[in-house]
Amino acid sequence: MAAATALTLAGATLGPAAAQPAADPVKQYEELSGQAEKLNDEVLQAQENLAAKQGELDRASGDLNQARQAEEQLRGRVDVLTESTFQGARFSQLSAMLVSDSQQDFLNRMSALRLLAADNAEALGTLAAAVAKADDARQRAQQATNEAAKHTDELKQRKSDLDGRVGELRKAVNKLTSAQKSSLGMGQVKDTGTYLGPPGAANTALQAALSKRGSQYQWGGNGPNAFDCSGLTKWAYSTAGVTIPRVAVDQYRVGRPVGQNELLPGDLVFYDDGTGNPAAIHHVAMYVGEGKMVDAPTEGQLVDVRPIRGDGHYIGARRIVG
């Protein structure tokens with residue numbers, strides 16, 4: 001949800017009815033913005049899920065290749081031992097006694113037989129373990145392949161949904177008057193003030209975010225020249241050497257919670273859909289002080305500093321460092 005556009009989406013759905021034209025062009029823009037940003041977060045989450053499953057598949061495939069190589073090597077060793085057995089390289093205790101020239105020779109032959117038997121047993125046991133390991137790797141690789149395919153399909157569907165909603169949103173932007181666009185913060189940076197945070201990574205991230213005022217909003221944008229909301233906060237903290245998750249709802253789970261009356265510049269502030277459910281978070285911004293935040297709001301709006309009241313659906317804040 002675009003926190004700077006005074007959205008009122010409580011109870012809204014993402015079905016076809018939700019996309020029907022509203023009488024007020026600004027209201028239509030705000031509703032479509034919120035729906036599109038929620039879908040954007042779903043796309044980002046689907047991308048992360050797919051990347052995770054692809055990583056599992058790569059690891060399972062690597063394990064499978066190693067297991068296959070080990071299995072082939074051990075099968076070769078067992079084949080040599082088996083061939084030797086059939087060629088008479090192994091003797092029974094009776095044959096060892098019959099062909100021995102002395103008691104010591106007999107003992108030597110028996111010792112050799114025990115070693116050969118132990119080698120054979122070890123080889124067979126190791127081969128069985130290798131076969132089991134290869135089977136396990138095959139199963140994990142197949143499962144990862146199936147799950148990766150499922151997440152690929154999910155991602156395609158989420159992208160299709162987002163593209164459709166963004167197309168509607170862009171049409172809604174075109175219906176806005178110049179005065180309406182100006183009131184929504186389109187086309188120009190309205191706050192060029194200086195804001196300072198506590199020394200350290202938080203202030204480094206804050207200054208990085210502020211330096212991007214005027215940058216375009218881009219769905220799924222990671223910077224450095226265009227961003228979506230969580231793309232901006234992640235990029236800003238990365239300049240300070242701090243890694244945070246990519247999706248807004250996941251960023252809400254890092255750092256520590258702080259009350260609204262305890263906010264410091266560099267803290268991340270979050271907005272949901274009005275239900276008060278953290279799982280419904282889909283907008284994040286960075287507090288700059290003086291009751292304001294810097295954020296990448298939504299389609300058509302620039303990165304800028306805005307009041308933290310946002311759409312009125314403020315749900316909480318997190319201090320990432322300190």
# chains A, B, ... in the order shown; residues from 1 in each chain; ligands from 1
call {"tool": "residues_around", "arguments": {"residues": "A:Asn203", "least_positions_apart": "4", "cutoff": "10 Å", "atoms": "only C-alpha atoms", "output": "short mmCIF file (atom, residue, chain, number, x, y, z; two decimals) with N, CA and C atoms, in the first residue's frame"}}
result
data_model
loop_
_atom_site.label_atom_id
_atom_site.label_comp_id
_atom_site.auth_asym_id
_atom_site.auth_seq_id
_atom_site.Cartn_x
_atom_site.Cartn_y
_atom_site.Cartn_z
N TYR A 195 18.16 16.31 7.32
CA TYR A 195 17.78 15.50 8.48
C TYR A 195 18.98 14.66 8.89
N LEU A 196 19.20 14.57 10.20
CA LEU A 196 20.35 13.83 10.72
C LEU A 196 19.88 12.75 11.69
N GLY A 197 20.54 11.60 11.62
CA GLY A 197 20.25 10.52 12.53
C GLY A 197 21.39 10.32 13.51
N PRO A 198 21.25 9.35 14.41
CA PRO A 198 22.33 9.06 15.35
C PRO A 198 23.56 8.58 14.60
N PRO A 199 24.76 8.88 15.09
CA PRO A 199 25.99 8.47 14.38
C PRO A 199 26.01 6.96 14.15
N GLN A 207 20.98 8.99 5.22
CA GLN A 207 21.49 9.92 4.20
C GLN A 207 21.44 9.30 2.81
N ALA A 208 21.65 7.99 2.73
CA ALA A 208 21.56 7.31 1.43
C ALA A 208 20.14 7.41 0.89
N ALA A 209 19.15 7.16 1.75
CA ALA A 209 17.75 7.24 1.31
C ALA A 209 17.39 8.67 0.91
N ALA A 236 19.25 1.39 0.99
CA ALA A 236 19.84 2.39 1.88
C ALA A 236 20.66 1.72 2.98
N TYR A 237 20.12 0.67 3.59
CA TYR A 237 20.87 0.00 4.65
C TYR A 237 22.06 -0.78 4.10
N ALA A 240 25.21 1.05 4.23
CA ALA A 240 25.81 1.11 5.56
C ALA A 240 26.37 -0.25 5.98
N LEU A 264 13.50 7.19 16.12
CA LEU A 264 14.72 7.92 15.81
C LEU A 264 14.96 7.85 14.30
N PRO A 265 15.61 8.86 13.74
CA PRO A 265 15.92 8.82 12.31
C PRO A 265 16.67 7.53 11.95
N GLY A 266 16.25 6.91 10.89
CA GLY A 266 16.82 5.64 10.47
C GLY A 266 15.94 4.45 10.81
N ASP A 267 14.98 4.62 11.74
CA ASP A 267 14.04 3.55 12.05
C ASP A 267 13.14 3.32 10.84
N VAL A 288 12.67 10.05 9.35
CA VAL A 288 13.74 11.05 9.23
C VAL A 288 13.75 12.04 10.39
#
call {"tool": "residues_around", "arguments": {"residues": "A:Gly259", "least_positions_apart": "5", "cutoff": "10 Å", "atoms": "only C-alpha atoms", "output": "ChimeraX atom specification"}}
result
/A:316-319
call {"tool": "write_last_selection", "arguments": {"atoms": "C-alpha atoms", "output": "mmCIF file, in the first residue's frame"}}
result
data_model
loop_
_atom_site.group_PDB
_atom_site.id
_atom_site.type_symbol
_atom_site.label_atom_id
_atom_site.label_comp_id
_atom_site.auth_asym_id
_atom_site.auth_seq_id
_atom_site.Cartn_x
_atom_site.Cartn_y
_atom_site.Cartn_z
ATOM 1 C CA GLY A 316 4.618 -0.234 13.940
ATOM 2 C CA ALA A 317 8.320 0.448 13.621
ATOM 3 C CA ARG A 318 11.617 -1.407 13.876
ATOM 4 C CA ARG A 319 15.082 -0.192 14.846
#
call {"tool": "closest_residue", "arguments": {"among": "A:Arg59, A:Lys175, A:Arg170, A:Lys181", "to": "A:Ala141", "atoms": "only C-alpha atoms"}}
result
A:Arg59
call {"tool": "residues_around", "arguments": {"residues": "stretch 293-301 of chain A", "least_positions_apart": "3", "cutoff": "9 Å", "atoms": "only C-alpha atoms", "output": "ChimeraX atom specification"}}
result
/A:1-5,33-34,36-37,166,169-170,173,181,184-188,206,209-210,213-219,226-233,265,268-269,283-290,304-308
call {"tool": "atom_distance", "arguments": {"atom1": "atom CA of A:Leu176", "atom2": "atom CA of A:Pro25"}}
result
6.1 Å
call {"tool": "atom_distance", "arguments": {"atom1": "atom CA of A:Leu57", "atom2": "atom CA of A:Leu155"}}
result
17.2 Å
call {"tool": "atom_distance", "arguments": {"atom1": "atom CA of A:Gln28", "atom2": "atom CA of A:Tyr314"}}
result
21.3 Å
call {"tool": "closest_residue", "arguments": {"among": "A:Gly274, A:Ala179, A:Gln54, A:Thr192", "to": "A:Gly312", "atoms": "only C-alpha atoms"}}
result
A:Gly274
call {"tool": "residues_around", "arguments": {"residues": "A:Val247", "least_positions_apart": "4", "cutoff": "12 Å", "atoms": "only C-alpha atoms", "output": "number ranges by chain"}}
result
A: 37-49, 220-222, 228-235, 251-254, 270, 279-284
call {"tool": "closest_residue", "arguments": {"among": "A:Gln157, A:Tyr29, A:Lys292, A:Ala137", "to": "A:Asp58", "atoms": "only C-alpha atoms"}}
result
A:Ala137
call {"tool": "decode", "arguments": {"residues": "stretch 151-290 of chain A", "atoms": "C-alpha atoms", "output": "PDB file, in the first residue's frame"}}
result
ATOM      1  CA  HIS A 151       6.933 -21.636  -7.558  1.00  0.00           C
ATOM      2  CA  THR A 152       7.758 -20.744 -11.163  1.00  0.00           C
ATOM      3  CA  ASP A 153       4.089 -21.078 -12.062  1.00  0.00           C
ATOM      4  CA  GLU A 154       3.108 -19.063  -8.998  1.00  0.00           C
ATOM      5  CA  LEU A 155       5.550 -16.308  -9.914  1.00  0.00           C
ATOM      6  CA  LYS A 156       4.213 -16.144 -13.488  1.00  0.00           C
ATOM      7  CA  GLN A 157       0.663 -15.794 -12.165  1.00  0.00           C
ATOM      8  CA  ARG A 158       1.632 -13.116  -9.638  1.00  0.00           C
ATOM      9  CA  LYS A 159       3.474 -11.151 -12.326  1.00  0.00           C
ATOM     10  CA  SER A 160       0.499 -11.406 -14.640  1.00  0.00           C
ATOM     11  CA  ASP A 161      -1.824 -10.136 -11.889  1.00  0.00           C
ATOM     12  CA  LEU A 162       0.558  -7.269 -11.088  1.00  0.00           C
ATOM     13  CA  ASP A 163       0.991  -6.275 -14.727  1.00  0.00           C
ATOM     14  CA  GLY A 164      -2.767  -6.114 -15.148  1.00  0.00           C
ATOM     15  CA  ARG A 165      -3.282  -3.992 -12.053  1.00  0.00           C
ATOM     16  CA  VAL A 166      -0.378  -1.656 -12.887  1.00  0.00           C
ATOM     17  CA  GLY A 167      -1.846  -1.169 -16.361  1.00  0.00           C
ATOM     18  CA  GLU A 168      -5.117  -0.068 -14.764  1.00  0.00           C
ATOM     19  CA  LEU A 169      -3.232   2.147 -12.342  1.00  0.00           C
ATOM     20  CA  ARG A 170      -1.377   3.932 -15.130  1.00  0.00           C
ATOM     21  CA  LYS A 171      -4.660   4.628 -16.873  1.00  0.00           C
ATOM     22  CA  ALA A 172      -5.926   6.070 -13.591  1.00  0.00           C
ATOM     23  CA  VAL A 173      -2.869   8.340 -13.384  1.00  0.00           C
ATOM     24  CA  ASN A 174      -3.657   9.682 -16.838  1.00  0.00           C
ATOM     25  CA  LYS A 175      -7.144  10.664 -15.658  1.00  0.00           C
ATOM     26  CA  LEU A 176      -5.769  12.887 -12.881  1.00  0.00           C
ATOM     27  CA  THR A 177      -5.721  16.632 -13.353  1.00  0.00           C
ATOM     28  CA  SER A 178      -2.524  18.630 -12.942  1.00  0.00           C
ATOM     29  CA  ALA A 179      -3.779  19.912  -9.593  1.00  0.00           C
ATOM     30  CA  GLN A 180      -4.558  16.394  -8.395  1.00  0.00           C
ATOM     31  CA  LYS A 181      -1.128  15.151  -9.468  1.00  0.00           C
ATOM     32  CA  SER A 182       0.537  18.016  -7.620  1.00  0.00           C
ATOM     33  CA  SER A 183      -1.434  17.311  -4.449  1.00  0.00           C
ATOM     34  CA  LEU A 184      -0.305  13.675  -4.630  1.00  0.00           C
ATOM     35  CA  GLY A 185       3.351  14.657  -4.925  1.00  0.00           C
ATOM     36  CA  MET A 186       3.845  13.789  -8.566  1.00  0.00           C
ATOM     37  CA  GLY A 187       6.508  15.389 -10.700  1.00  0.00           C
ATOM     38  CA  GLN A 188       8.540  17.275  -8.113  1.00  0.00           C
ATOM     39  CA  VAL A 189      10.331  16.934  -4.777  1.00  0.00           C
ATOM     40  CA  LYS A 190       8.545  18.969  -2.127  1.00  0.00           C
ATOM     41  CA  ASP A 191      10.900  18.493   0.840  1.00  0.00           C
ATOM     42  CA  THR A 192      14.605  19.221   0.386  1.00  0.00           C
ATOM     43  CA  GLY A 193      15.306  19.655   4.109  1.00  0.00           C
ATOM     44  CA  THR A 194      18.312  18.309   5.994  1.00  0.00           C
ATOM     45  CA  TYR A 195      17.779  15.495   8.480  1.00  0.00           C
ATOM     46  CA  LEU A 196      20.349  13.828  10.722  1.00  0.00           C
ATOM     47  CA  GLY A 197      20.254  10.516  12.533  1.00  0.00           C
ATOM     48  CA  PRO A 198      22.330   9.062  15.349  1.00  0.00           C
ATOM     49  CA  PRO A 199      25.987   8.466  14.379  1.00  0.00           C
ATOM     50  CA  GLY A 200      26.649   5.149  12.709  1.00  0.00           C
ATOM     51  CA  ALA A 201      24.870   2.853  10.289  1.00  0.00           C
ATOM     52  CA  ALA A 202      21.394   4.322  10.856  1.00  0.00           C
ATOM     53  CA  ASN A 203      22.521   7.783   9.774  1.00  0.00           C
ATOM     54  CA  THR A 204      24.481   6.362   6.846  1.00  0.00           C
ATOM     55  CA  ALA A 205      21.324   4.584   5.671  1.00  0.00           C
ATOM     56  CA  LEU A 206      19.235   7.693   6.277  1.00  0.00           C
ATOM     57  CA  GLN A 207      21.494   9.916   4.204  1.00  0.00           C
ATOM     58  CA  ALA A 208      21.562   7.309   1.432  1.00  0.00           C
ATOM     59  CA  ALA A 209      17.753   7.243   1.314  1.00  0.00           C
ATOM     60  CA  LEU A 210      17.526  11.039   1.380  1.00  0.00           C
ATOM     61  CA  SER A 211      20.030  11.263  -1.454  1.00  0.00           C
ATOM     62  CA  LYS A 212      17.509   9.451  -3.674  1.00  0.00           C
ATOM     63  CA  ARG A 213      14.804  12.108  -3.387  1.00  0.00           C
ATOM     64  CA  GLY A 214      13.431  12.655  -6.862  1.00  0.00           C
ATOM     65  CA  SER A 215      14.035   9.063  -7.984  1.00  0.00           C
ATOM     66  CA  GLN A 216      11.213   7.369  -9.878  1.00  0.00           C
ATOM     67  CA  TYR A 217       9.035   4.676  -8.357  1.00  0.00           C
ATOM     68  CA  GLN A 218       9.478   1.314 -10.055  1.00  0.00           C
ATOM     69  CA  TRP A 219       7.630  -1.913  -9.250  1.00  0.00           C
ATOM     70  CA  GLY A 220      10.266  -4.291  -7.915  1.00  0.00           C
ATOM     71  CA  GLY A 221      12.908  -1.549  -8.211  1.00  0.00           C
ATOM     72  CA  ASN A 222      16.114  -2.228  -6.286  1.00  0.00           C
ATOM     73  CA  GLY A 223      17.952   0.981  -7.192  1.00  0.00           C
ATOM     74  CA  PRO A 224      20.200   2.730  -7.519  1.00  0.00           C
ATOM     75  CA  ASN A 225      18.047   4.990  -9.691  1.00  0.00           C
ATOM     76  CA  ALA A 226      14.497   3.656  -9.240  1.00  0.00           C
ATOM     77  CA  PHE A 227      12.872   1.918  -6.285  1.00  0.00           C
ATOM     78  CA  ASP A 228       9.802   0.448  -4.725  1.00  0.00           C
ATOM     79  CA  CYS A 229       9.290   0.997  -0.987  1.00  0.00           C
ATOM     80  CA  SER A 230      11.217  -1.958   0.427  1.00  0.00           C
ATOM     81  CA  GLY A 231      13.767  -1.716  -2.385  1.00  0.00           C
ATOM     82  CA  LEU A 232      14.687   1.767  -1.137  1.00  0.00           C
ATOM     83  CA  THR A 233      15.054   0.768   2.524  1.00  0.00           C
ATOM     84  CA  LYS A 234      17.044  -2.356   1.682  1.00  0.00           C
ATOM     85  CA  TRP A 235      19.329  -0.417  -0.661  1.00  0.00           C
ATOM     86  CA  ALA A 236      19.838   2.386   1.884  1.00  0.00           C
ATOM     87  CA  TYR A 237      20.872  -0.003   4.650  1.00  0.00           C
ATOM     88  CA  SER A 238      23.124  -1.923   2.286  1.00  0.00           C
ATOM     89  CA  THR A 239      25.169   1.271   1.815  1.00  0.00           C
ATOM     90  CA  ALA A 240      25.815   1.106   5.564  1.00  0.00           C
ATOM     91  CA  GLY A 241      26.930  -2.521   5.356  1.00  0.00           C
ATOM     92  CA  VAL A 242      23.689  -3.813   6.887  1.00  0.00           C
ATOM     93  CA  THR A 243      21.711  -6.529   5.107  1.00  0.00           C
ATOM     94  CA  ILE A 244      17.950  -6.662   5.617  1.00  0.00           C
ATOM     95  CA  PRO A 245      15.285  -8.726   3.802  1.00  0.00           C
ATOM     96  CA  ARG A 246      13.820  -7.561   0.502  1.00  0.00           C
ATOM     97  CA  VAL A 247      10.081  -7.644   1.257  1.00  0.00           C
ATOM     98  CA  ALA A 248       8.381  -5.150   3.598  1.00  0.00           C
ATOM     99  CA  VAL A 249       6.657  -7.790   5.736  1.00  0.00           C
ATOM    100  CA  ASP A 250       9.999  -9.557   6.233  1.00  0.00           C
ATOM    101  CA  GLN A 251      11.766  -6.293   7.128  1.00  0.00           C
ATOM    102  CA  TYR A 252       9.230  -5.943   9.937  1.00  0.00           C
ATOM    103  CA  ARG A 253      10.715  -9.065  11.525  1.00  0.00           C
ATOM    104  CA  VAL A 254      14.293  -7.747  11.863  1.00  0.00           C
ATOM    105  CA  GLY A 255      15.801  -5.372  14.397  1.00  0.00           C
ATOM    106  CA  ARG A 256      13.710  -4.567  17.449  1.00  0.00           C
ATOM    107  CA  PRO A 257      10.294  -2.938  17.830  1.00  0.00           C
ATOM    108  CA  VAL A 258      10.066   0.702  18.938  1.00  0.00           C
ATOM    109  CA  GLY A 259       7.050   2.758  19.902  1.00  0.00           C
ATOM    110  CA  GLN A 260       5.951   5.669  17.758  1.00  0.00           C
ATOM    111  CA  ASN A 261       6.945   8.067  20.527  1.00  0.00           C
ATOM    112  CA  GLU A 262      10.460   6.527  20.567  1.00  0.00           C
ATOM    113  CA  LEU A 263      11.234   6.863  16.857  1.00  0.00           C
ATOM    114  CA  LEU A 264      14.715   7.923  15.810  1.00  0.00           C
ATOM    115  CA  PRO A 265      15.921   8.817  12.311  1.00  0.00           C
ATOM    116  CA  GLY A 266      16.824   5.635  10.470  1.00  0.00           C
ATOM    117  CA  ASP A 267      14.043   3.549  12.048  1.00  0.00           C
ATOM    118  CA  LEU A 268      11.754   1.775   9.613  1.00  0.00           C
ATOM    119  CA  VAL A 269       8.019   2.490   9.813  1.00  0.00           C
ATOM    120  CA  PHE A 270       5.402   0.081   8.458  1.00  0.00           C
ATOM    121  CA  TYR A 271       1.842   0.221   7.133  1.00  0.00           C
ATOM    122  CA  ASP A 272      -0.729  -2.522   6.658  1.00  0.00           C
ATOM    123  CA  ASP A 273      -4.157  -2.647   5.040  1.00  0.00           C
ATOM    124  CA  GLY A 274      -5.965  -1.305   8.068  1.00  0.00           C
ATOM    125  CA  THR A 275      -6.611  -4.680   9.702  1.00  0.00           C
ATOM    126  CA  GLY A 276      -3.773  -4.409  12.223  1.00  0.00           C
ATOM    127  CA  ASN A 277      -2.397  -7.719  10.985  1.00  0.00           C
ATOM    128  CA  PRO A 278       1.424  -7.752  10.565  1.00  0.00           C
ATOM    129  CA  ALA A 279       1.017 -10.345   7.800  1.00  0.00           C
ATOM    130  CA  ALA A 280      -0.836  -7.679   5.794  1.00  0.00           C
ATOM    131  CA  ILE A 281       2.099  -5.218   5.829  1.00  0.00           C
ATOM    132  CA  HIS A 282       2.954  -4.041   2.351  1.00  0.00           C
ATOM    133  CA  HIS A 283       4.528  -0.608   2.761  1.00  0.00           C
ATOM    134  CA  VAL A 284       7.684   0.496   4.553  1.00  0.00           C
ATOM    135  CA  ALA A 285       9.444   3.842   4.863  1.00  0.00           C
ATOM    136  CA  MET A 286      12.348   5.327   6.828  1.00  0.00           C
ATOM    137  CA  TYR A 287      11.785   7.807   9.646  1.00  0.00           C
ATOM    138  CA  VAL A 288      13.742  11.050   9.229  1.00  0.00           C
ATOM    139  CA  GLY A 289      12.593  12.960  12.321  1.00  0.00           C
ATOM    140  CA  GLU A 290      10.023  15.715  12.935  1.00  0.00           C
TER     141      GLU A 290
END
